[in-house]
Every structure is written in C-alpha cells, then in structure tokens.
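Colleague: Submitted below is the structure of interest, expressed as structure tokens.
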Amino acid sequence: KVLTHQSGNASEVMLEDNPELKDLCARLLASLNYEGPANIDVMQTSNDYKIIELNPRFGSTVRFVGAAGRNTPAFFLTGDHAWLAAERH
C-alpha cells in the first residue's frame with residue numbers, strides 16, 4: 001500500500017498480507033500464462049478490487065523490497081526461490 005508520493009513515485013509504503021489480492025493477481029498472471037516481473041496497479045472499491053494496469057516490468061517500489069533485504073531481480077535471474085519457500089512456513 002503506497003502511503004505517500006514524491007515526484008510521481010512512491011516514497012513511503014506499508015506492506016500487508018492480503019490473500020484476496022494475491023489470489024486476484026495470481027489468477028490474472030496465470031490466465032495470461034505470464035512469467036516474470038509484473039507491476040500490477042489495483043484500485044480498491046468499497047467491496048472489491050479492480051485491476052487498472054499491468055506492466056511487464058519491475059515497479060518503482062522494487063527498491064523497498066531491496067531495502068527489506070530481498071533481491072527481486074536475482075530471484076528471477078537465478079531461479080533461487082529458497083527465500084520465498086522459507087517465508088511460507
């Protein structure tokens with residue numbers, strides 16, 4: 001969730017686990033048979049979510065993931081999914 005913007009880019013974010021949103025995005029990517037980085041913009045309405053944009057690239061918020069200790073580009077380049085599997089336990 002983006003909390004503040006600066007020059008059109010997120011300058012502050014808050015991470016939250018949202019199974020419903022993860023499922024929506026996973027179903028979209030599966031329906032497109034898409035693999036790789038994806039930046040999906042979603043708008044929350046009063047009772048659900050609407051996908052408003054899909055970009056086949058890393059989004060500007062990838063820097064926040066890196067600051068949290070995750071190397072997302074390496075994840076896709078090396079196929080090393082160990083950190084992802086470890087977080088599911």
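Just remember, in the structure tokens the first chain shown is A, the second B, etc., residues are 1-based per chain, and ligands are 1-based in the order shown.
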Tell me, as a ChimeraX atom specification, which residues lie within 8 Å of stretch 21-35 of chain A, counting only C-alpha atoms; anything in the same chain fewer than 3 positions away does not count.

Modeller: /A:18,40,49

Colleague: Determine which residues of stretch 18-60 of chain A receive a DSSP assignment of strand (DSSP E or B), computed from the backbone, and state them as a PDB file with N, CA, C and O atoms, in the first residue's frame.

Modeller:
ATOM      1  N   ASN A  39       4.283  -5.450 -12.624  1.00  0.00           N
ATOM      2  CA  ASN A  39       3.833  -4.351 -11.787  1.00  0.00           C
ATOM      3  C   ASN A  39       2.333  -4.210 -12.039  1.00  0.00           C
ATOM      4  O   ASN A  39       1.915  -3.815 -13.134  1.00  0.00           O
ATOM      5  N   ILE A  40       1.537  -4.575 -11.056  1.00  0.00           N
ATOM      6  CA  ILE A  40       0.079  -4.566 -11.203  1.00  0.00           C
ATOM      7  C   ILE A  40      -0.490  -3.462 -10.327  1.00  0.00           C
ATOM      8  O   ILE A  40      -0.293  -3.455  -9.118  1.00  0.00           O
ATOM      9  N   ASP A  41      -1.186  -2.523 -10.948  1.00  0.00           N
ATOM     10  CA  ASP A  41      -1.843  -1.444 -10.209  1.00  0.00           C
ATOM     11  C   ASP A  41      -3.285  -1.847  -9.963  1.00  0.00           C
ATOM     12  O   ASP A  41      -3.994  -2.268 -10.881  1.00  0.00           O
ATOM     13  N   VAL A  42      -3.697  -1.701  -8.720  1.00  0.00           N
ATOM     14  CA  VAL A  42      -5.028  -2.131  -8.300  1.00  0.00           C
ATOM     15  C   VAL A  42      -5.706  -0.986  -7.561  1.00  0.00           C
ATOM     16  O   VAL A  42      -5.070  -0.262  -6.796  1.00  0.00           O
ATOM     17  N   MET A  43      -6.994  -0.847  -7.797  1.00  0.00           N
ATOM     18  CA  MET A  43      -7.787   0.143  -7.082  1.00  0.00           C
ATOM     19  C   MET A  43      -8.781  -0.602  -6.191  1.00  0.00           C
ATOM     20  O   MET A  43      -9.439  -1.543  -6.640  1.00  0.00           O
ATOM     21  N   GLN A  44      -8.839  -0.214  -4.935  1.00  0.00           N
ATOM     22  CA  GLN A  44      -9.786  -0.832  -4.014  1.00  0.00           C
ATOM     23  C   GLN A  44     -11.078  -0.039  -4.034  1.00  0.00           C
ATOM     24  O   GLN A  44     -11.082   1.177  -3.857  1.00  0.00           O
ATOM     25  N   TYR A  49     -11.692  -5.354  -5.474  1.00  0.00           N
ATOM     26  CA  TYR A  49     -10.526  -4.743  -6.109  1.00  0.00           C
ATOM     27  C   TYR A  49     -10.717  -4.742  -7.617  1.00  0.00           C
ATOM     28  O   TYR A  49     -11.302  -5.662  -8.176  1.00  0.00           O
ATOM     29  N   LYS A  50     -10.189  -3.727  -8.264  1.00  0.00           N
ATOM     30  CA  LYS A  50     -10.214  -3.620  -9.719  1.00  0.00           C
ATOM     31  C   LYS A  50      -8.783  -3.468 -10.213  1.00  0.00           C
ATOM     32  O   LYS A  50      -8.056  -2.583  -9.754  1.00  0.00           O
ATOM     33  N   ILE A  51      -8.369  -4.339 -11.127  1.00  0.00           N
ATOM     34  CA  ILE A  51      -7.055  -4.196 -11.741  1.00  0.00           C
ATOM     35  C   ILE A  51      -7.162  -3.094 -12.784  1.00  0.00           C
ATOM     36  O   ILE A  51      -8.024  -3.146 -13.658  1.00  0.00           O
ATOM     37  N   ILE A  52      -6.301  -2.100 -12.668  1.00  0.00           N
ATOM     38  CA  ILE A  52      -6.376  -0.974 -13.596  1.00  0.00           C
ATOM     39  C   ILE A  52      -5.193  -0.920 -14.553  1.00  0.00           C
ATOM     40  O   ILE A  52      -5.261  -0.251 -15.576  1.00  0.00           O
ATOM     41  N   GLU A  53      -4.106  -1.644 -14.228  1.00  0.00           N
ATOM     42  CA  GLU A  53      -2.950  -1.606 -15.117  1.00  0.00           C
ATOM     43  C   GLU A  53      -2.014  -2.765 -14.805  1.00  0.00           C
ATOM     44  O   GLU A  53      -1.837  -3.136 -13.651  1.00  0.00           O
ATOM     45  N   LEU A  54      -1.418  -3.314 -15.863  1.00  0.00           N
ATOM     46  CA  LEU A  54      -0.409  -4.359 -15.733  1.00  0.00           C
ATOM     47  C   LEU A  54       0.778  -3.971 -16.591  1.00  0.00           C
ATOM     48  O   LEU A  54       0.636  -3.746 -17.794  1.00  0.00           O
ATOM     49  N   ASN A  55       1.949  -3.861 -15.968  1.00  0.00           N
ATOM     50  CA  ASN A  55       3.180  -3.546 -16.690  1.00  0.00           C
ATOM     51  C   ASN A  55       4.147  -4.713 -16.531  1.00  0.00           C
ATOM     52  O   ASN A  55       4.419  -5.139 -15.406  1.00  0.00           O
TER      53      ASN A  55
END

Colleague: Please report the interatomic distance between atom CA of A:Pro19 and atom CA of A:Leu77 in Å with one decimal.

Modeller: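 Computed distance, atom CA of A:Pro19 to atom CA of A:Leu77, equals 25.8 Å.
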
Colleague: Using only C-alpha atoms, which residue out of A:Leu15, A:Phe76, A:Ala38, A:Thr45 lies closest to A:Phe64?

Modeller: A:Leu15

Colleague: Please report the interatomic distance between atom CA of A:Arg63 and atom CA of A:Asp48 in Å with one decimal.

Modeller: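 Computing the Euclidean distance for atom CA of A:Arg63 and atom CA of A:Asp48 yields 27.7 Å.
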